[in-house]
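Novice: Below is entry31.txt; it holds compact mmCIF, C-alpha atoms.
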# COMPACT_ATOMS: atom_id res chain seq x y z
CA MET A 861 -13.35 42.55 -1.33
CA ARG A 862 -12.35 39.39 0.44
CA ILE A 863 -12.92 36.11 -1.41
CA SER A 864 -13.12 32.94 0.66
CA THR A 865 -11.03 29.87 -0.14
CA ALA A 866 -14.24 27.90 -0.57
CA SER A 867 -15.45 30.35 -3.23
CA LEU A 868 -12.20 30.02 -5.13
CA PHE A 869 -12.50 26.23 -5.03
CA LEU A 870 -16.09 26.28 -6.29
CA ALA A 871 -15.12 28.63 -9.09
CA GLN A 872 -12.71 26.10 -10.59
CA PRO A 873 -13.95 23.88 -13.46
CA VAL A 874 -14.59 20.28 -12.46
CA PRO A 875 -11.88 18.13 -14.09
CA THR A 876 -12.83 15.06 -16.07
CA HIS A 877 -11.72 11.59 -15.03
CA HIS A 878 -8.89 11.55 -17.57
CA GLN A 879 -7.69 14.98 -16.49
CA LEU A 880 -7.61 13.77 -12.90
CA GLN A 881 -5.83 10.59 -13.91
CA PHE A 882 -3.00 12.24 -15.80
CA HIS A 883 -2.65 15.04 -13.29
CA ALA A 884 -2.18 12.65 -10.40
CA PHE A 885 -0.24 9.92 -12.22
CA PRO A 886 2.43 10.07 -14.93
CA PRO A 887 1.03 9.18 -18.36
CA PRO A 888 1.92 5.82 -19.93
CA GLU A 889 5.24 5.50 -21.70
CA ARG A 890 5.22 6.79 -25.28
CA ASN A 891 6.03 3.64 -27.23
CA ASN A 892 4.26 1.12 -29.44
CA TYR A 893 4.08 -1.46 -26.66
CA ARG A 894 1.90 0.78 -24.50
CA THR A 895 -0.22 2.29 -27.26
CA PRO A 896 -3.09 -0.23 -26.76
CA ASP A 897 -3.33 0.83 -23.10
CA THR A 898 -4.33 4.36 -24.13
CA THR A 899 -7.01 3.34 -26.65
CA ASP A 900 -10.28 1.44 -26.37
CA THR A 901 -9.22 -2.07 -27.38
CA PHE A 902 -12.92 -3.03 -27.42
CA SER A 903 -13.80 -0.49 -30.13
CA ALA A 904 -14.25 -3.17 -32.82
CA TYR A 905 -15.86 -5.77 -30.53
CA LYS A 906 -19.39 -6.97 -31.22
CA TYR A 907 -22.04 -5.12 -29.20
CA ARG A 908 -19.52 -2.51 -28.03
CA ARG A 909 -22.08 0.28 -28.29
CA GLU A 910 -24.97 -1.72 -26.85
CA CYS A 911 -22.97 -2.89 -23.82
CA GLY A 912 -21.30 0.47 -23.25
CA ILE A 913 -18.05 -1.10 -22.03
CA SER A 914 -14.68 0.42 -22.96
CA SER A 915 -11.33 -1.02 -21.95
CA LEU A 916 -10.50 2.48 -20.70
CA SER A 917 -13.46 2.26 -18.31
CA LEU A 918 -11.91 -0.88 -16.79
CA HIS A 919 -8.25 0.12 -16.46
CA ALA A 920 -6.71 3.60 -16.18
CA PRO A 921 -3.15 3.42 -17.58
CA PHE A 922 -0.16 5.25 -16.11
CA SER A 923 3.59 4.80 -15.84
CA PRO A 924 5.82 3.06 -15.06
CA LEU A 925 5.04 -0.54 -15.94
CA CYS A 926 5.87 -3.07 -13.25
CA SER A 927 9.29 -4.51 -13.96
CA SER A 928 9.01 -7.92 -12.27
CA ARG A 929 6.38 -10.51 -11.41
CA GLU A 930 6.87 -9.83 -7.73
CA THR A 931 6.18 -6.10 -8.04
CA LEU A 932 3.37 -6.75 -10.51
CA LEU A 933 1.56 -9.17 -8.22
CA GLU A 934 1.91 -6.78 -5.30
CA ALA A 935 0.69 -3.86 -7.41
CA MET A 936 -2.32 -5.71 -8.81
CA SER A 937 -3.25 -7.23 -5.45
CA THR A 938 -3.11 -3.90 -3.62
CA GLY A 939 -4.44 -1.57 -6.33
CA GLY A 940 -7.95 -0.20 -6.39
CA ARG A 941 -10.45 2.30 -7.78
CA ILE A 942 -11.21 5.97 -7.18
CA GLY A 943 -14.96 5.47 -6.93
CA PHE A 944 -17.45 2.64 -7.31
CA ASP A 945 -17.00 0.79 -10.66
CA ALA A 946 -14.36 3.36 -11.63
CA PRO A 947 -11.37 2.23 -13.72
CA TYR A 948 -8.97 0.02 -11.81
CA MET A 949 -5.36 1.04 -11.19
CA PRO A 950 -2.60 -1.15 -9.75
CA ARG A 951 -0.61 0.40 -6.92
CA SER A 952 2.79 2.04 -7.59
CA CYS A 953 3.35 0.49 -11.04
CA ASP A 954 1.06 -0.40 -13.92
CA MET A 955 -0.03 -3.46 -15.91
CA ARG A 956 -0.63 -3.86 -19.63
CA TRP A 957 -4.09 -4.15 -21.19
CA PHE A 958 -3.45 -6.60 -24.02
CA THR A 959 -5.08 -6.75 -27.44
CA THR A 960 -6.64 -9.98 -28.67
CA THR A 961 -3.60 -10.64 -30.86
CA GLU A 962 -1.30 -10.29 -27.86
CA ILE A 963 -3.54 -12.58 -25.79
CA CYS A 964 -3.27 -15.22 -28.49
CA GLU A 965 0.51 -14.88 -28.51
CA ILE A 966 0.64 -15.35 -24.74
CA LEU A 967 -1.64 -18.41 -24.74
CA GLY A 968 0.26 -19.86 -27.70
CA ARG A 969 3.46 -20.03 -25.70
CA PHE A 970 1.99 -22.66 -23.39
CA ASP A 971 1.05 -26.21 -24.28
CA LYS A 972 -1.95 -25.89 -21.95
CA VAL A 973 -3.33 -23.38 -19.52
CA VAL A 974 -5.24 -25.37 -16.91
CA PHE A 975 -7.87 -23.64 -14.76
CA LEU A 976 -8.89 -25.53 -11.63
CA GLY A 977 -11.44 -24.09 -9.26
CA ASP A 978 -14.90 -22.81 -8.52
CA SER A 979 -17.46 -20.51 -10.15
CA MET A 980 -15.14 -17.50 -9.96
CA ILE A 981 -12.51 -19.36 -11.98
CA ARG A 982 -15.18 -20.36 -14.52
CA HIS A 983 -16.14 -16.71 -14.86
CA ILE A 984 -12.53 -15.76 -15.59
CA VAL A 985 -12.48 -18.34 -18.38
CA GLY A 986 -15.77 -16.92 -19.64
CA ALA A 987 -14.12 -13.49 -19.76
CA ILE A 988 -11.19 -14.96 -21.70
CA ASN A 989 -13.65 -16.17 -24.31
CA VAL A 990 -15.15 -12.69 -24.52
CA LEU A 991 -11.66 -11.42 -25.33
CA VAL A 992 -10.72 -14.06 -27.90
CA ARG A 993 -14.13 -13.88 -29.60
CA GLU A 994 -14.14 -10.08 -29.40
CA ASP A 995 -17.78 -10.18 -28.38
CA LEU A 996 -18.93 -8.18 -25.36
CA GLY A 997 -22.56 -9.19 -25.78
CA TYR A 998 -22.33 -12.98 -25.93
CA GLY A 999 -18.64 -13.87 -25.85
CA ALA A 1000 -18.91 -16.08 -22.74
CA VAL A 1001 -21.89 -18.10 -23.99
CA THR A 1002 -22.96 -20.15 -27.01
CA ASN A 1003 -25.53 -17.63 -28.14
CA TRP A 1004 -26.04 -19.20 -31.56
CA ASN A 1005 -28.36 -21.82 -30.06
CA PHE A 1006 -30.18 -19.51 -27.62
CA SER A 1007 -33.86 -18.70 -27.63
CA ASP A 1008 -34.91 -15.06 -27.79
CA GLU A 1009 -35.50 -15.09 -24.03
CA GLU A 1010 -32.05 -16.52 -23.34
CA LYS A 1011 -30.44 -13.94 -25.60
CA LYS A 1012 -32.11 -11.24 -23.56
CA ASP A 1013 -31.17 -12.78 -20.20
CA CYS A 1014 -27.54 -13.57 -21.13
CA PHE A 1015 -26.47 -10.27 -22.69
CA CYS A 1016 -23.51 -8.03 -21.82
CA LEU A 1017 -23.13 -7.73 -18.03
CA THR A 1018 -25.69 -10.45 -17.32
CA GLN A 1019 -23.70 -13.25 -18.99
CA PHE A 1020 -22.53 -14.27 -15.51
CA ASN A 1021 -25.71 -13.73 -13.52
CA GLY A 1022 -26.60 -16.54 -11.13
CA ARG A 1023 -30.24 -16.55 -12.24
CA ILE A 1024 -29.12 -18.11 -15.54
CA ARG A 1025 -28.28 -21.30 -13.67
CA SER A 1026 -31.96 -22.17 -13.51
CA LEU A 1027 -32.43 -22.11 -17.28
CA PRO A 1028 -33.14 -25.51 -18.83
CA VAL A 1029 -30.29 -25.11 -21.34
CA LEU A 1030 -27.63 -24.99 -18.65
CA SER A 1031 -25.35 -27.30 -20.64
CA ARG A 1032 -25.16 -24.71 -23.39
CA HIS A 1033 -23.81 -22.02 -21.05
CA VAL A 1034 -20.07 -22.50 -21.29
CA ARG A 1035 -19.31 -20.44 -18.21
CA TYR A 1036 -21.13 -22.97 -16.02
CA LYS A 1037 -19.76 -26.11 -17.64
CA ALA A 1038 -16.27 -27.54 -17.57
CA PHE A 1039 -14.65 -27.12 -20.96
CA ILE A 1040 -13.90 -30.82 -20.92
CA LYS A 1041 -17.60 -31.28 -21.68
CA LEU A 1042 -17.32 -29.44 -24.98
CA GLN A 1043 -16.25 -32.49 -26.95
CA MET A 1044 -19.74 -33.86 -26.35
CA LEU A 1045 -21.31 -30.97 -28.26
CA LYS A 1046 -22.01 -31.25 -31.97
CA ASN A 1047 -19.25 -30.33 -34.38
CA THR A 1048 -21.39 -27.47 -35.68
CA THR A 1049 -21.22 -25.87 -32.24
CA LEU A 1050 -17.45 -26.26 -32.10
CA ASP A 1051 -17.16 -25.01 -35.68
CA LEU A 1052 -18.94 -21.82 -34.72
CA TRP A 1053 -16.91 -21.34 -31.56
CA LEU A 1054 -13.62 -21.83 -33.42
CA TYR A 1055 -14.72 -19.60 -36.26
CA GLU A 1056 -15.50 -16.77 -33.87
CA ALA A 1057 -12.06 -16.90 -32.26
CA LYS A 1058 -10.36 -13.88 -33.82
CA CYS A 1059 -6.81 -15.17 -33.62
CA PRO A 1060 -6.05 -17.66 -36.43
CA LYS A 1061 -3.92 -19.77 -34.11
CA LEU A 1062 -6.81 -20.15 -31.68
CA ARG A 1063 -8.89 -21.75 -34.42
CA ARG A 1064 -6.30 -24.50 -34.64
CA TRP A 1065 -5.51 -25.23 -31.03
CA LEU A 1066 -8.21 -23.94 -28.70
CA PHE A 1067 -10.75 -26.76 -29.00
CA PRO A 1068 -9.64 -29.61 -31.33
CA TRP A 1069 -12.53 -31.94 -32.08
CA LYS A 1070 -11.11 -35.43 -31.63
CA ILE A 1071 -8.30 -35.40 -29.08
CA TYR A 1072 -9.22 -33.34 -26.07
CA ASN A 1073 -5.86 -34.01 -24.43
CA SER A 1074 -4.28 -31.69 -26.98
CA SER A 1075 -6.69 -28.84 -26.32
CA HIS A 1076 -4.98 -25.68 -25.20
CA LEU A 1077 -7.35 -24.25 -22.60
CA THR A 1078 -8.72 -26.59 -19.95
CA ILE A 1079 -11.05 -25.86 -17.04
CA LEU A 1080 -12.22 -28.27 -14.38
CA GLN A 1081 -14.73 -27.43 -11.67
CA VAL A 1082 -13.24 -28.82 -8.50
CA LYS A 1083 -13.66 -28.40 -4.77
CA TYR A 1084 -12.37 -30.28 -1.75
CA PRO A 1085 -12.71 -33.19 -1.33
CA ILE A 1086 -12.00 -33.54 -5.05
CA PRO A 1087 -14.18 -36.25 -6.64
CA ARG A 1088 -12.27 -39.07 -8.27
CA VAL A 1089 -13.98 -38.38 -11.59
CA GLU A 1090 -12.51 -34.87 -11.66
CA LEU A 1091 -8.99 -36.18 -11.02
CA ASP A 1092 -9.50 -38.68 -13.85
CA ARG A 1093 -10.54 -35.82 -16.14
CA LEU A 1094 -7.46 -33.89 -15.11
CA SER A 1095 -5.30 -36.92 -15.95
CA SER A 1096 -6.94 -37.17 -19.35
CA ALA A 1097 -6.35 -33.50 -20.06
CA LEU A 1098 -2.68 -33.51 -18.95
CA GLY A 1099 -1.40 -36.73 -20.50
CA THR A 1100 1.77 -38.38 -19.24
CA LYS A 1101 4.54 -36.98 -21.44
CA LYS A 1102 6.60 -33.86 -21.07
CA THR A 1103 5.40 -31.32 -23.61
CA GLU A 1104 7.54 -29.12 -25.81
CA LYS A 1105 5.90 -26.00 -24.43
CA PRO A 1106 5.34 -25.46 -20.70
CA LEU A 1107 2.11 -25.93 -18.78
CA ALA A 1108 0.54 -23.22 -16.64
CA PHE A 1109 -2.02 -23.71 -13.88
CA VAL A 1110 -4.54 -21.26 -12.43
CA TYR A 1111 -6.23 -22.22 -9.14
CA GLY A 1112 -9.15 -20.70 -7.32
CA MET A 1113 -11.29 -21.81 -4.40
CA GLY A 1114 -12.52 -20.70 -1.00
CA LEU A 1115 -16.25 -20.03 -0.78
CA TRP A 1116 -17.32 -23.58 -1.59
CA ASN A 1117 -15.33 -24.68 1.47
CA ASN A 1118 -16.42 -21.71 3.58
CA LEU A 1119 -12.92 -20.16 3.47
CA ASP A 1120 -11.51 -23.13 5.39
CA ILE A 1121 -7.76 -22.68 5.06
CA GLN A 1122 -7.03 -26.31 5.95
CA ALA A 1123 -9.35 -27.42 3.15
CA THR A 1124 -7.40 -25.12 0.81
CA ILE A 1125 -4.10 -26.70 1.85
CA SER A 1126 -5.56 -30.18 1.29
CA PHE A 1127 -7.01 -29.06 -2.06
CA LEU A 1128 -3.60 -27.87 -3.24
CA MET A 1129 -1.75 -30.91 -1.93
CA THR A 1130 -4.19 -33.30 -3.60
CA LEU A 1131 -4.02 -31.50 -6.93
CA GLU A 1132 -0.28 -31.06 -7.01
CA ASN A 1133 0.51 -34.58 -5.85
CA HIS A 1134 -1.74 -35.83 -8.63
CA ILE A 1135 -0.16 -33.56 -11.24
CA THR A 1136 3.45 -34.32 -10.30
CA SER A 1137 2.83 -38.07 -10.03
CA GLN A 1138 1.60 -37.99 -13.61
CA LEU A 1139 4.23 -35.51 -14.81
CA PRO A 1140 7.35 -36.21 -12.71
CA HIS A 1141 9.39 -33.51 -14.46
CA LEU A 1142 7.30 -30.94 -12.57
CA ARG A 1143 8.31 -32.37 -9.19
CA THR A 1144 10.92 -30.59 -7.05
CA THR A 1145 13.88 -32.90 -6.46
CA LEU A 1146 17.57 -32.59 -5.60
CA SER A 1147 18.42 -32.95 -9.28
CA ASN A 1148 15.60 -30.62 -10.32
CA PRO A 1149 15.27 -28.05 -7.51
CA ASN A 1150 13.44 -25.42 -9.58
CA PRO A 1151 11.14 -27.03 -12.13
CA PHE A 1152 9.18 -24.67 -14.36
CA PHE A 1153 5.79 -25.39 -12.79
CA PRO A 1154 3.95 -22.04 -12.73
CA ARG A 1155 0.80 -21.92 -10.60
CA LEU A 1156 -1.26 -18.85 -9.91
CA PHE A 1157 -3.86 -18.85 -7.13
CA VAL A 1158 -6.62 -16.27 -7.68
CA THR A 1159 -8.33 -15.40 -4.40
CA PRO A 1160 -12.11 -14.83 -4.08
CA SER A 1161 -13.67 -11.46 -4.82
CA ALA A 1162 -14.72 -9.08 -2.07
CA ALA A 1163 -18.26 -9.40 -0.75
CA GLY A 1164 -20.96 -6.94 -1.80
CA LYS A 1165 -23.93 -5.37 -0.06
CA ASP A 1166 -26.27 -8.14 -1.26
CA LYS A 1167 -24.27 -10.92 0.39
CA PRO A 1168 -26.78 -13.06 2.36
CA GLU A 1169 -26.62 -12.20 6.04
CA GLU A 1170 -26.19 -15.83 7.10
CA TRP A 1171 -22.78 -15.84 5.34
CA GLU A 1172 -21.59 -12.46 6.58
CA GLN A 1173 -19.57 -13.79 9.51
CA SER A 1174 -17.92 -16.76 7.80
CA GLN A 1175 -17.60 -15.28 4.29
CA GLY A 1176 -17.81 -11.52 4.84
CA ASN A 1177 -15.10 -9.05 3.93
CA LYS A 1178 -13.05 -9.52 7.11
CA ALA A 1179 -13.00 -13.28 6.57
CA LEU A 1180 -12.13 -12.82 2.88
CA MET A 1181 -9.24 -10.49 3.70
CA LEU A 1182 -7.84 -12.90 6.28
CA TYR A 1183 -8.22 -15.76 3.83
CA GLU A 1184 -6.30 -13.88 1.14
CA ASP A 1185 -3.45 -13.23 3.58
CA SER A 1186 -3.42 -16.90 4.60
CA VAL A 1187 -3.27 -18.10 0.99
CA LYS A 1188 -0.25 -15.86 0.40
CA GLU A 1189 1.49 -17.50 3.36
CA ILE A 1190 0.70 -20.96 1.96
CA ALA A 1191 2.06 -20.00 -1.47
CA ARG A 1192 5.37 -18.85 -0.01
CA LYS A 1193 5.97 -22.42 1.15
CA ARG A 1194 5.13 -23.99 -2.22
CA ASN A 1195 7.89 -23.65 -4.79
CA GLY A 1196 6.70 -21.75 -7.86
CA MET A 1197 3.24 -20.78 -6.64
CA GLU A 1198 2.10 -17.16 -6.73
CA VAL A 1199 -1.06 -15.42 -5.53
CA LEU A 1200 -3.18 -12.79 -7.24
CA GLY A 1201 -5.28 -11.09 -4.60
CA THR A 1202 -8.57 -9.73 -5.92
CA TRP A 1203 -10.18 -8.26 -2.78
CA ASN A 1204 -8.87 -4.74 -3.37
CA ALA A 1205 -9.74 -4.81 -7.06
CA THR A 1206 -13.33 -5.91 -6.45
CA ILE A 1207 -14.42 -4.20 -3.22
CA GLN A 1208 -15.79 -1.27 -5.28
CA ALA A 1209 -17.05 -3.43 -8.16
CA SER A 1210 -20.69 -4.36 -8.83
CA LYS A 1211 -21.83 -7.81 -7.74
CA TYR A 1212 -25.21 -9.09 -8.88
CA ASP A 1213 -25.64 -11.43 -5.89
CA GLY A 1214 -23.23 -9.97 -3.35
CA VAL A 1215 -20.68 -12.64 -4.29
CA HIS A 1216 -19.94 -12.73 -8.02
CA VAL A 1217 -18.71 -9.74 -10.00
CA ASP A 1218 -20.11 -8.95 -13.43
CA LEU A 1219 -18.42 -9.04 -16.84
CA ARG A 1220 -16.34 -5.90 -16.25
CA ALA A 1221 -14.42 -7.12 -13.20
CA ASN A 1222 -14.03 -10.59 -14.75
CA LEU A 1223 -12.41 -9.02 -17.80
CA LEU A 1224 -10.04 -7.25 -15.41
CA LYS A 1225 -9.22 -10.52 -13.63
CA ALA A 1226 -8.56 -12.24 -16.95
CA MET A 1227 -6.21 -9.46 -18.00
CA CYS A 1228 -4.33 -9.70 -14.70
CA VAL A 1229 -3.85 -13.44 -15.31
CA PHE A 1230 -2.53 -12.77 -18.83
CA ARG A 1231 -0.09 -10.18 -17.54
CA ILE A 1232 1.36 -12.68 -15.07
CA GLN A 1233 1.54 -15.39 -17.73
CA ASN A 1234 3.30 -13.03 -20.10
CA MET A 1235 5.92 -12.18 -17.50
CA LEU A 1236 6.43 -15.89 -16.83
CA ILE A 1237 7.44 -16.29 -20.44
CA GLU A 1238 9.48 -13.10 -20.44
CA ASP A 1239 11.77 -14.76 -17.91
CA GLU A 1240 12.26 -17.67 -20.30
CA THR A 1241 12.27 -15.85 -23.68
CA THR A 1242 11.29 -12.29 -24.64
CA ASP A 1243 8.35 -10.01 -24.07
CA CYS A 1244 5.40 -10.75 -26.35
CA GLY A 1245 4.93 -7.05 -26.90
CA GLU A 1246 8.23 -6.89 -28.76
CA LEU A 1247 7.55 -9.74 -31.17
Before we go any further, please render this structure as structure tokens.

Specialist:
Amino acid sequence: MRISTASLFLAQPVPTHHQLQFHAFPPPERNNYRTPDTTDTFSAYKYRRECGISSLSLHAPFSPLCSSRETLLEAMSTGGRIGFDAPYMPRSCDMRWFTTTEICEILGRFDKVVFLGDSMIRHIVGAINVLVREDLGYGAVTNWNFSDEEKKDCFCLTQFNGRIRSLPVLSRHVRYKAFIKLQMLKNTTLDLWLYEAKCPKLRRWLFPWKIYNSSHLTILQVKYPIPRVELDRLSSALGTKKTEKPLAFVYGMGLWNNLDIQATISFLMTLENHITSQLPHLRTTLSNPNPFFPRLFVTPSAAGKDKPEEWEQSQGNKALMLYEDSVKEIARKRNGMEVLGTWNATIQASKYDGVHVDLRANLLKAMCVFRIQNMLIEDETTDCGEL
């Protein structure tokens, strides 16, 4: 009796995702440094069961790890997913998925990590707070002063939904307010936020009450032209003295200026001229040709099916891909600047408005930023995973 090839194929058991993953890609290295990559690092997070989000559903680990920042950036910028909202995988070499303790170690090696950009940058910072508070349900928001309706509307994946912008308590939604505004909140609010940070060091240096200039994590909402008040806030956050630990900067823009590449160039020139005029040791000179002035530009996410039609030509996926390529060309001409492309990582990710990704992809973006920051420090000291 002749059996067709199709019948043989249909007779085979359907492999699970993890079976497919390890059949097609080598498993992660067997060492303590990579152990967190193979477990659900969210297992002890608040609302883990209710939100149904596992770190393994966001990133599928394999080997080898990327060995340099250059290969890592290329791998993360060109990686993707095998299916819509499937776990993300960098291309050719892998990234780490850090624990909260490791994230705290990475942040603690910088005097400040300064985020400058638009709503997508604010969402990355919101995801960072989910990680340091170990709270998938409300980690990006100040849920302790929410009404019952707000708690329902701002839960799990919907913490970043645009519809929340219309709520009357907008100032209490950290993801939509610059962190520089936090010193205006009552100490009880800051007490709660600091208490919920799981790393002991974060409780000391994330949001000090009195002197905001010493705060460790700073975010400013900026677009071009940059208002004078925002530059003044940046000056206040940076200070004028060289710090013992280095500074790191994360940029992001594009949609607010309709992907105008000239506006992006002007945005970067304005920011960096302002920063280096205030902190001359970051300026490239003959006597200081390679200052340690790390800047990472995170490009906009891919567009989704709900993107308004009137923006499809100027901000659709072709325009976004060309913009990402152009930003990489700009970065090559600016000493010390690197680019994390996010189009590939987000083209198969859910977007609630056709523009902004939900909590899952923002957690992925945040982890990509941490991996780059960790490798910055590896060049100067040792790998945080071996501490």

Novice: For atom CA of Gly1214 of chain A and atom CA of Phe975 of chain A, determine how far apart the two atoms are, in Å to one decimal place.

Specialist: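 Calculated distance between atom CA of Gly1214 of chain A and atom CA of Phe975 of chain A is 23.5 Å.
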
Novice: Could you check which of A:Ala904, A:Met1197, A:Leu1180, A:Ile942 is closest to Leu991 of chain A, using only C-alpha atoms?

Specialist: A:Ala904

Novice: Can you work out which one of A:Thr1206, A:Thr1124, A:Thr1103, A:Gln1175 has the shortest atom-to-atom distance to His1141 of chain A, counting all atoms listed in the file?

Specialist: A:Thr1103

Novice: Under the rule that only C-alpha atoms are counted, which of A:Ile988, A:Met1181, A:Leu976, A:Val1229 is the nearest residue to Leu1131 of chain A?

Specialist: A:Leu976

Novice: Scan for residues within 9 Å of the point (-1.4, 0.6, -15.6) in the coordinates of the file, using only C-alpha atoms, and reply as a list in words.

Specialist: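 Collected hits near the coordinates: Pro888, Asp897, His919, Ala920, Pro921, Phe922, Ser923, Pro924, Leu925, Cys926, Tyr948, Met949, Pro950, Arg951, Cys953, Asp954, Met955, Arg956 and Trp957 of chain A.
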
Novice: Calculate how many Å separate atom CA of Asn1003 of chain A from atom CA of Asn989 of chain A, rounding to one decimal.

Specialist: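 Computing the Euclidean distance for atom CA of Asn1003 of chain A and atom CA of Asn989 of chain A yields 12.6 Å.
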
Novice: Separation of atom CA of Ile984 of chain A and atom CA of Gln1208 of chain A, in Å?

Specialist: 18.1 Å

Novice: Determine, counting only C-alpha atoms, every residue of protein, DNA or RNA that lies within 10 Å of (-2.6, -14.4, -19.3) in the file coordinates, then give the result as an mmCIF file with C-alpha atoms, keeping the file's coordinate frame.

Specialist:
data_model
loop_
_atom_site.group_PDB
_atom_site.id
_atom_site.type_symbol
_atom_site.label_atom_id
_atom_site.label_comp_id
_atom_site.auth_asym_id
_atom_site.auth_seq_id
_atom_site.Cartn_x
_atom_site.Cartn_y
_atom_site.Cartn_z
ATOM 1 C CA PHE A 958 -3.450 -6.600 -24.020
ATOM 2 C CA GLU A 962 -1.300 -10.290 -27.860
ATOM 3 C CA ILE A 963 -3.540 -12.580 -25.790
ATOM 4 C CA CYS A 964 -3.270 -15.220 -28.490
ATOM 5 C CA GLU A 965 0.510 -14.880 -28.510
ATOM 6 C CA ILE A 966 0.640 -15.350 -24.740
ATOM 7 C CA LEU A 967 -1.640 -18.410 -24.740
ATOM 8 C CA VAL A 973 -3.330 -23.380 -19.520
ATOM 9 C CA ILE A 988 -11.190 -14.960 -21.700
ATOM 10 C CA ALA A 1108 0.540 -23.220 -16.640
ATOM 11 C CA VAL A 1110 -4.540 -21.260 -12.430
ATOM 12 C CA LYS A 1225 -9.220 -10.520 -13.630
ATOM 13 C CA ALA A 1226 -8.560 -12.240 -16.950
ATOM 14 C CA MET A 1227 -6.210 -9.460 -18.000
ATOM 15 C CA CYS A 1228 -4.330 -9.700 -14.700
ATOM 16 C CA VAL A 1229 -3.850 -13.440 -15.310
ATOM 17 C CA PHE A 1230 -2.530 -12.770 -18.830
ATOM 18 C CA ARG A 1231 -0.090 -10.180 -17.540
ATOM 19 C CA ILE A 1232 1.360 -12.680 -15.070
ATOM 20 C CA GLN A 1233 1.540 -15.390 -17.730
ATOM 21 C CA ASN A 1234 3.300 -13.030 -20.100
ATOM 22 C CA MET A 1235 5.920 -12.180 -17.500
ATOM 23 C CA LEU A 1236 6.430 -15.890 -16.830
#

Novice: Show me, as a PyMOL selection string, the residues that have an atom within 12 Å of Gln1019 of chain A when counting all atoms listed in the file, minus same-chain residues fewer than 2 positions from it.

Specialist: chain A and resi 911+982-984+986-987+989-990+995-1003+1010-1017+1021-1025+1033-1036+1212+1216-1220+1222

Novice: With the cut-off set at 8 Å and counting only C-alpha atoms, tabulate each residue of segment 1080-1114 of chain A with an atom at most that distance from an atom of segment 1156-1169 of chain A, showing the nearest atom pair and its distance in Å to one decimal, ordered by chain and increasing number, as JSON lines.

Specialist:
{"residue": "A:Phe1109", "atom": "CA", "partner": "A:Leu1156", "partner_atom": "CA", "distance": 6.3}
{"residue": "A:Val1110", "atom": "CA", "partner": "A:Leu1156", "partner_atom": "CA", "distance": 4.8}
{"residue": "A:Tyr1111", "atom": "CA", "partner": "A:Phe1157", "partner_atom": "CA", "distance": 4.6}
{"residue": "A:Gly1112", "atom": "CA", "partner": "A:Val1158", "partner_atom": "CA", "distance": 5.1}
{"residue": "A:Met1113", "atom": "CA", "partner": "A:Pro1160", "partner_atom": "CA", "distance": 7.0}
{"residue": "A:Gly1114", "atom": "CA", "partner": "A:Pro1160", "partner_atom": "CA", "distance": 6.6}

Novice: Nearest to Ile1135 of chain A among A:Ile1121, A:Leu1182, A:Ala1205, A:Ala1097, with distances taken over only C-alpha atoms: which residue is it?

Specialist: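 Going through A:Ile1121, A:Leu1182, A:Ala1205, A:Ala1097 one by one, the smallest distance to Ile1135 of chain A is for A:Ala1097.
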
Novice: Which residue out of A:Thr961, A:Trp1203, A:Glu1090, A:Glu994 has the minimum interatomic distance to Lys1178 of chain A when all atoms listed in the file are used?

Specialist: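 Smallest separation from Lys1178 of chain A among the options: A:Trp1203.
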